[in-house]
Amino acid sequence: MKRLLSFFFVFSSVSFFEVVAQSPEPTAVLRFDEMRGEELPDSIAAHSTSDAGLCAPDSRLPVVCKLNRRRVPFAVAYDEVTLWNVRRARVKRRCMRLSDSTRREPIRLLKFFVERSCRKGARPHLLGNVAGYAWSSWCYDSVAGRWCEAPTHISAYTLRADYDSVRRAGGDLSLFRVPDELWHPLPPDTRYLLDGQEVSGDVLRVIDGLVLRTLDVVDSPDGGPADSRQPRKQVVGTTYPERVPLVMFGGQRIGIADWLRMCRLGFFRSSAAVPMRFFYMLPAEAVSLYGPEGRYGAICIDPV
């Protein structure tokens, strides 16, 4: 089986690796999902109609970018401004002489202020007692003796305390090799909680590496099965209260809470009736389209 491994260690960024085993092909990692229902909840529809004027004015004007008061091409700002290092963003209308003209023309000036220190502007590490984990959409049926498709879930995880203890003892540890003894399995029916609300594994998979702040595997308070010696586990996650991207549904803004609610209700499952396209837009492009409110990027959801 192919499994996509997402490792979050104390001294490393988020990395994704593929582990090859004898199992069927997993589903695609990119989020080209489908919508289950054709009608949105009333609260989401209200957001969509009230924010119709979110797009930045004069969007057809040429764009000039400044990064920490230094004029740079848009491509440079696109690469260097990230969700984690941006501090402020402004959009001004100015008249400037462009390089390909001899007169002053109206332009949109995008001003970005980012952290100058690479350490302060780096993506923060995932917090919690989990050091690394593996996503899977397959499980092994011991009765049938074959691999079967299952809802997206964390099939195995490593604890940060175990990883750190082996590393301090001088063990052979790296991002690419973790001893089998440090892996703990999780069944597909494990319970997932996000910000105190029960969700499916698909929801955590969507926000993995974006707004997911902590991830812990703890003993479930309702205990395990009667015939099991080990208590049932549950996965608990929290999101960032700040640095929240815009969420654009069909070109209109909805709240991040409404987006997570749509995830919890299963709007982005593969069995949805209406095909949807999902992607994350980087801050430079989001500011050019939606104004300063897009300084943390935008999560764009559109029908195919």
# chains A, B, ... in the order shown; residues from 1 in each chain; ligands from 1
$ select_by_dssp --residues "range 38-211 of chain A" --states "helix (DSSP H, G or I)" --output "PDB file with N, CA, C and O atoms, in the first residue's frame"
ATOM      1  N   ASP A  42     -28.024  28.036   5.516  1.00  0.00           N
ATOM      2  CA  ASP A  42     -28.447  29.436   5.439  1.00  0.00           C
ATOM      3  C   ASP A  42     -27.350  30.396   5.852  1.00  0.00           C
ATOM      4  O   ASP A  42     -27.186  31.458   5.267  1.00  0.00           O
ATOM      5  N   SER A  43     -26.562  30.031   6.899  1.00  0.00           N
ATOM      6  CA  SER A  43     -25.510  30.934   7.370  1.00  0.00           C
ATOM      7  C   SER A  43     -24.440  31.140   6.313  1.00  0.00           C
ATOM      8  O   SER A  43     -23.914  32.237   6.141  1.00  0.00           O
ATOM      9  N   ILE A  44     -24.132  30.096   5.534  1.00  0.00           N
ATOM     10  CA  ILE A  44     -23.127  30.217   4.486  1.00  0.00           C
ATOM     11  C   ILE A  44     -23.668  31.044   3.336  1.00  0.00           C
ATOM     12  O   ILE A  44     -22.967  31.874   2.763  1.00  0.00           O
ATOM     13  N   ALA A  45     -24.925  30.851   2.975  1.00  0.00           N
ATOM     14  CA  ALA A  45     -25.527  31.631   1.908  1.00  0.00           C
ATOM     15  C   ALA A  45     -25.574  33.105   2.273  1.00  0.00           C
ATOM     16  O   ALA A  45     -25.365  33.978   1.432  1.00  0.00           O
ATOM     17  N   ALA A  46     -25.828  33.419   3.563  1.00  0.00           N
ATOM     18  CA  ALA A  46     -25.854  34.817   3.995  1.00  0.00           C
ATOM     19  C   ALA A  46     -24.493  35.457   3.862  1.00  0.00           C
ATOM     20  O   ALA A  46     -24.362  36.603   3.437  1.00  0.00           O
ATOM     21  N   HIS A  47     -23.421  34.711   4.221  1.00  0.00           N
ATOM     22  CA  HIS A  47     -22.062  35.230   4.045  1.00  0.00           C
ATOM     23  C   HIS A  47     -21.785  35.539   2.587  1.00  0.00           C
ATOM     24  O   HIS A  47     -21.201  36.558   2.242  1.00  0.00           O
ATOM     25  N   SER A  48     -22.221  34.648   1.696  1.00  0.00           N
ATOM     26  CA  SER A  48     -21.898  34.788   0.281  1.00  0.00           C
ATOM     27  C   SER A  48     -22.533  36.031  -0.313  1.00  0.00           C
ATOM     28  O   SER A  48     -21.932  36.731  -1.108  1.00  0.00           O
ATOM     29  N   THR A  49     -23.779  36.331   0.063  1.00  0.00           N
ATOM     30  CA  THR A  49     -24.452  37.472  -0.514  1.00  0.00           C
ATOM     31  C   THR A  49     -24.004  38.779   0.089  1.00  0.00           C
ATOM     32  O   THR A  49     -23.989  39.808  -0.572  1.00  0.00           O
ATOM     33  N   SER A  50     -23.592  38.772   1.359  1.00  0.00           N
ATOM     34  CA  SER A  50     -23.222  40.019   2.016  1.00  0.00           C
ATOM     35  C   SER A  50     -21.827  40.492   1.654  1.00  0.00           C
ATOM     36  O   SER A  50     -21.499  41.649   1.828  1.00  0.00           O
ATOM     37  N   PHE A  74       6.284  41.191  -9.333  1.00  0.00           N
ATOM     38  CA  PHE A  74       5.210  40.422  -8.700  1.00  0.00           C
ATOM     39  C   PHE A  74       5.638  38.980  -8.444  1.00  0.00           C
ATOM     40  O   PHE A  74       5.271  38.383  -7.428  1.00  0.00           O
ATOM     41  N   ALA A  75       6.435  38.415  -9.354  1.00  0.00           N
ATOM     42  CA  ALA A  75       6.878  37.025  -9.189  1.00  0.00           C
ATOM     43  C   ALA A  75       7.708  36.858  -7.914  1.00  0.00           C
ATOM     44  O   ALA A  75       7.623  35.828  -7.236  1.00  0.00           O
ATOM     45  N   VAL A  76       8.518  37.865  -7.574  1.00  0.00           N
ATOM     46  CA  VAL A  76       9.323  37.794  -6.343  1.00  0.00           C
ATOM     47  C   VAL A  76       8.420  37.847  -5.125  1.00  0.00           C
ATOM     48  O   VAL A  76       8.580  37.076  -4.160  1.00  0.00           O
ATOM     49  N   ALA A  77       7.452  38.768  -5.109  1.00  0.00           N
ATOM     50  CA  ALA A  77       6.511  38.844  -3.990  1.00  0.00           C
ATOM     51  C   ALA A  77       5.701  37.559  -3.875  1.00  0.00           C
ATOM     52  O   ALA A  77       5.416  37.090  -2.770  1.00  0.00           O
ATOM     53  N   TYR A  78       5.343  36.973  -4.997  1.00  0.00           N
ATOM     54  CA  TYR A  78       4.571  35.724  -4.997  1.00  0.00           C
ATOM     55  C   TYR A  78       5.340  34.608  -4.297  1.00  0.00           C
ATOM     56  O   TYR A  78       4.757  33.804  -3.569  1.00  0.00           O
ATOM     57  N   ASP A  79       6.646  34.549  -4.508  1.00  0.00           N
ATOM     58  CA  ASP A  79       7.459  33.490  -3.919  1.00  0.00           C
ATOM     59  C   ASP A  79       7.825  33.766  -2.461  1.00  0.00           C
ATOM     60  O   ASP A  79       7.911  32.831  -1.653  1.00  0.00           O
ATOM     61  N   GLU A  80       8.058  35.037  -2.105  1.00  0.00           N
ATOM     62  CA  GLU A  80       8.616  35.347  -0.798  1.00  0.00           C
ATOM     63  C   GLU A  80       7.573  35.643   0.273  1.00  0.00           C
ATOM     64  O   GLU A  80       7.869  35.513   1.463  1.00  0.00           O
ATOM     65  N   ARG A 160       5.971  12.011  20.165  1.00  0.00           N
ATOM     66  CA  ARG A 160       7.118  12.901  20.231  1.00  0.00           C
ATOM     67  C   ARG A 160       8.062  12.491  21.350  1.00  0.00           C
ATOM     68  O   ARG A 160       9.288  12.569  21.203  1.00  0.00           O
ATOM     69  N   ALA A 161       7.526  12.052  22.482  1.00  0.00           N
ATOM     70  CA  ALA A 161       8.374  11.655  23.615  1.00  0.00           C
ATOM     71  C   ALA A 161       9.241  10.460  23.250  1.00  0.00           C
ATOM     72  O   ALA A 161      10.435  10.414  23.588  1.00  0.00           O
ATOM     73  N   ASP A 162       8.666   9.468  22.539  1.00  0.00           N
ATOM     74  CA  ASP A 162       9.449   8.297  22.118  1.00  0.00           C
ATOM     75  C   ASP A 162      10.536   8.691  21.138  1.00  0.00           C
ATOM     76  O   ASP A 162      11.687   8.236  21.239  1.00  0.00           O
ATOM     77  N   TYR A 163      10.179   9.548  20.190  1.00  0.00           N
ATOM     78  CA  TYR A 163      11.159   9.967  19.187  1.00  0.00           C
ATOM     79  C   TYR A 163      12.308  10.734  19.833  1.00  0.00           C
ATOM     80  O   TYR A 163      13.481  10.489  19.537  1.00  0.00           O
ATOM     81  N   ASP A 164      11.974  11.654  20.736  1.00  0.00           N
ATOM     82  CA  ASP A 164      13.021  12.452  21.383  1.00  0.00           C
ATOM     83  C   ASP A 164      13.917  11.599  22.258  1.00  0.00           C
ATOM     84  O   ASP A 164      15.130  11.840  22.344  1.00  0.00           O
ATOM     85  N   SER A 165      13.353  10.603  22.946  1.00  0.00           N
ATOM     86  CA  SER A 165      14.175   9.749  23.819  1.00  0.00           C
ATOM     87  C   SER A 165      15.177   8.942  23.008  1.00  0.00           C
ATOM     88  O   SER A 165      16.340   8.806  23.401  1.00  0.00           O
ATOM     89  N   VAL A 166      14.767   8.422  21.859  1.00  0.00           N
ATOM     90  CA  VAL A 166      15.696   7.667  21.016  1.00  0.00           C
ATOM     91  C   VAL A 166      16.742   8.599  20.424  1.00  0.00           C
ATOM     92  O   VAL A 166      17.924   8.258  20.323  1.00  0.00           O
ATOM     93  N   ARG A 167      16.330   9.800  20.044  1.00  0.00           N
ATOM     94  CA  ARG A 167      17.289  10.748  19.466  1.00  0.00           C
ATOM     95  C   ARG A 167      18.333  11.175  20.492  1.00  0.00           C
ATOM     96  O   ARG A 167      19.526  11.269  20.175  1.00  0.00           O
ATOM     97  N   ARG A 168      17.901  11.415  21.737  1.00  0.00           N
ATOM     98  CA  ARG A 168      18.872  11.799  22.775  1.00  0.00           C
ATOM     99  C   ARG A 168      19.827  10.668  23.113  1.00  0.00           C
ATOM    100  O   ARG A 168      20.969  10.894  23.510  1.00  0.00           O
ATOM    101  N   ASP A 180      10.458   0.692  13.419  1.00  0.00           N
ATOM    102  CA  ASP A 180       9.097   0.165  13.452  1.00  0.00           C
ATOM    103  C   ASP A 180       8.518   0.158  14.865  1.00  0.00           C
ATOM    104  O   ASP A 180       7.296   0.240  15.044  1.00  0.00           O
ATOM    105  N   GLU A 181       9.410   0.053  15.871  1.00  0.00           N
ATOM    106  CA  GLU A 181       8.927   0.002  17.248  1.00  0.00           C
ATOM    107  C   GLU A 181       8.274   1.308  17.695  1.00  0.00           C
ATOM    108  O   GLU A 181       7.528   1.332  18.682  1.00  0.00           O
ATOM    109  N   LEU A 182       8.572   2.408  16.999  1.00  0.00           N
ATOM    110  CA  LEU A 182       8.010   3.704  17.387  1.00  0.00           C
ATOM    111  C   LEU A 182       6.659   3.980  16.731  1.00  0.00           C
ATOM    112  O   LEU A 182       6.021   4.980  17.050  1.00  0.00           O
ATOM    113  N   GLY A 201     -11.919  12.079   9.420  1.00  0.00           N
ATOM    114  CA  GLY A 201     -10.509  12.223   9.117  1.00  0.00           C
ATOM    115  C   GLY A 201     -10.251  13.094   7.908  1.00  0.00           C
ATOM    116  O   GLY A 201      -9.190  13.720   7.793  1.00  0.00           O
ATOM    117  N   ASP A 202     -11.225  13.175   6.989  1.00  0.00           N
ATOM    118  CA  ASP A 202     -11.072  14.030   5.803  1.00  0.00           C
ATOM    119  C   ASP A 202     -10.864  15.489   6.187  1.00  0.00           C
ATOM    120  O   ASP A 202     -10.129  16.211   5.512  1.00  0.00           O
ATOM    121  N   VAL A 203     -11.525  15.936   7.255  1.00  0.00           N
ATOM    122  CA  VAL A 203     -11.422  17.340   7.657  1.00  0.00           C
ATOM    123  C   VAL A 203      -9.999  17.656   8.098  1.00  0.00           C
ATOM    124  O   VAL A 203      -9.410  18.663   7.681  1.00  0.00           O
ATOM    125  N   LEU A 204      -9.413  16.809   8.941  1.00  0.00           N
ATOM    126  CA  LEU A 204      -8.031  17.037   9.366  1.00  0.00           C
ATOM    127  C   LEU A 204      -7.076  16.952   8.177  1.00  0.00           C
ATOM    128  O   LEU A 204      -6.089  17.684   8.123  1.00  0.00           O
ATOM    129  N   ARG A 205      -7.374  16.072   7.231  1.00  0.00           N
ATOM    130  CA  ARG A 205      -6.505  15.944   6.062  1.00  0.00           C
ATOM    131  C   ARG A 205      -6.530  17.214   5.225  1.00  0.00           C
ATOM    132  O   ARG A 205      -5.517  17.630   4.664  1.00  0.00           O
ATOM    133  N   VAL A 206      -7.698  17.876   5.138  1.00  0.00           N
ATOM    134  CA  VAL A 206      -7.818  19.095   4.346  1.00  0.00           C
ATOM    135  C   VAL A 206      -6.967  20.212   4.940  1.00  0.00           C
ATOM    136  O   VAL A 206      -6.279  20.943   4.229  1.00  0.00           O
ATOM    137  N   ILE A 207      -7.012  20.393   6.261  1.00  0.00           N
ATOM    138  CA  ILE A 207      -6.324  21.524   6.894  1.00  0.00           C
ATOM    139  C   ILE A 207      -4.922  21.157   7.350  1.00  0.00           C
ATOM    140  O   ILE A 207      -4.223  21.997   7.914  1.00  0.00           O
TER     141      ILE A 207
END
$ atom_distance --atom1 "CA of Leu159 in chain A" --atom2 "CA of Arg243 in chain A"
27.1 Å
$ atom_distance --atom1 "CA of Pro62 in chain A" --atom2 "CA of Gly294 in chain A"
18.3 Å
$ closest_atom_pairs --of "range 99-208 of chain A" --to "range 216-221 of chain A" --cutoff "8 Å" --atoms "only C-alpha atoms" --output "Markdown table"
| residue | atom | partner | partner_atom | distance |
| --- | --- | --- | --- | --- |
| A:Gly128 | CA | A:Asp216 | CA | 5.0 |
| A:Asn129 | CA | A:Asp216 | CA | 5.2 |
| A:Val130 | CA | A:Asp216 | CA | 5.7 |
$ write_last_selection --atoms "N, CA and C atoms" --output "tab-separated table (two decimals), in the first residue's frame"
chain	number	residue	atom	x	y	z
A	128	GLY	N	1.78	19.32	19.98
A	128	GLY	CA	1.05	18.16	20.46
A	128	GLY	C	2.00	17.01	20.74
A	129	ASN	N	1.42	15.87	21.13
A	129	ASN	CA	2.27	14.73	21.49
A	129	ASN	C	2.61	13.84	20.29
A	130	VAL	N	2.18	14.23	19.09
A	130	VAL	CA	2.44	13.43	17.89
A	130	VAL	C	3.63	14.02	17.14
$ residues_around --residues "range 105-118 of chain A" --least-positions-apart "2" --cutoff "10 Å" --atoms "only C-alpha atoms" --output "number ranges by chain"
A: 56-71, 74, 77, 80-98, 101-103, 120-123, 283-284, 287-288, 291-292, 295
$ atom_distance --atom1 "CA of Thr238 in chain A" --atom2 "CA of Pro124 in chain A"
14.0 Å
$ residues_around --residues "Ala150 in chain A" --least-positions-apart "4" --cutoff "9 Å" --atoms "only C-alpha atoms" --output "PyMOL selection string"
chain A and resi 136-139+188
$ closest_residue --among "A:Phe267, A:Tyr290, A:Trp183, A:Tyr280" --to "Gly251 in chain A" --atoms "only C-alpha atoms"
A:Tyr290
$ residues_around --residues "Asp195 in chain A" --least-positions-apart "6" --cutoff "12 Å" --atoms "only C-alpha atoms" --output "list of chain:residue names"
A:Val203, A:Leu204, A:Val211, A:Leu212, A:Arg213, A:Thr214, A:Leu215, A:Asp216, A:Val235, A:Val236, A:Gly237, A:Thr238, A:Thr239, A:Tyr240, A:Pro241, A:Ala257, A:Leu260, A:Arg261, A:Arg264
$ closest_residue --among "A:Ser200, A:Leu282, A:Ile301, A:Asp208" --to "Phe249 in chain A" --atoms "only C-alpha atoms"
A:Ile301
$ decode --residues "range 113-126 of chain A" --atoms "N, CA and C atoms" --output "PDB file, in the first residue's frame"
ATOM      1  N   PHE A 113       4.687  43.745   4.009  1.00  0.00           N
ATOM      2  CA  PHE A 113       5.675  43.829   5.077  1.00  0.00           C
ATOM      3  C   PHE A 113       5.784  42.439   5.692  1.00  0.00           C
ATOM      4  N   VAL A 114       6.975  41.848   5.585  1.00  0.00           N
ATOM      5  CA  VAL A 114       7.196  40.487   6.069  1.00  0.00           C
ATOM      6  C   VAL A 114       8.301  40.492   7.114  1.00  0.00           C
ATOM      7  N   GLU A 115       8.383  39.399   7.851  1.00  0.00           N
ATOM      8  CA  GLU A 115       9.451  39.223   8.834  1.00  0.00           C
ATOM      9  C   GLU A 115      10.794  39.157   8.120  1.00  0.00           C
ATOM     10  N   ARG A 116      11.743  39.938   8.605  1.00  0.00           N
ATOM     11  CA  ARG A 116      13.079  39.921   7.999  1.00  0.00           C
ATOM     12  C   ARG A 116      13.889  38.706   8.443  1.00  0.00           C
ATOM     13  N   SER A 117      13.576  38.173   9.621  1.00  0.00           N
ATOM     14  CA  SER A 117      14.284  37.007  10.132  1.00  0.00           C
ATOM     15  C   SER A 117      13.669  35.736   9.557  1.00  0.00           C
ATOM     16  N   CYS A 118      14.504  34.905   8.936  1.00  0.00           N
ATOM     17  CA  CYS A 118      14.013  33.647   8.385  1.00  0.00           C
ATOM     18  C   CYS A 118      13.483  32.730   9.478  1.00  0.00           C
ATOM     19  N   ARG A 119      14.073  32.824  10.676  1.00  0.00           N
ATOM     20  CA  ARG A 119      13.621  31.972  11.770  1.00  0.00           C
ATOM     21  C   ARG A 119      12.225  32.366  12.234  1.00  0.00           C
ATOM     22  N   LYS A 120      11.970  33.679  12.361  1.00  0.00           N
ATOM     23  CA  LYS A 120      10.653  34.124  12.803  1.00  0.00           C
ATOM     24  C   LYS A 120       9.590  33.922  11.735  1.00  0.00           C
ATOM     25  N   GLY A 121       9.998  33.944  10.471  1.00  0.00           N
ATOM     26  CA  GLY A 121       9.036  33.808   9.394  1.00  0.00           C
ATOM     27  C   GLY A 121       8.855  32.399   8.876  1.00  0.00           C
ATOM     28  N   ALA A 122       9.452  31.416   9.554  1.00  0.00           N
ATOM     29  CA  ALA A 122       9.320  30.029   9.109  1.00  0.00           C
ATOM     30  C   ALA A 122       7.984  29.453   9.572  1.00  0.00           C
ATOM     31  N   ARG A 123       7.542  28.447   8.881  1.00  0.00           N
ATOM     32  CA  ARG A 123       6.300  27.779   9.271  1.00  0.00           C
ATOM     33  C   ARG A 123       6.477  27.143  10.651  1.00  0.00           C
ATOM     34  N   PRO A 124       5.582  27.403  11.590  1.00  0.00           N
ATOM     35  CA  PRO A 124       5.724  26.814  12.931  1.00  0.00           C
ATOM     36  C   PRO A 124       5.510  25.314  12.899  1.00  0.00           C
ATOM     37  N   HIS A 125       6.122  24.640  13.857  1.00  0.00           N
ATOM     38  CA  HIS A 125       5.991  23.197  13.938  1.00  0.00           C
ATOM     39  C   HIS A 125       4.637  22.814  14.519  1.00  0.00           C
ATOM     40  N   LEU A 126       4.150  21.672  14.103  1.00  0.00           N
ATOM     41  CA  LEU A 126       2.913  21.156  14.662  1.00  0.00           C
ATOM     42  C   LEU A 126       3.132  20.802  16.125  1.00  0.00           C
TER      43      LEU A 126
END
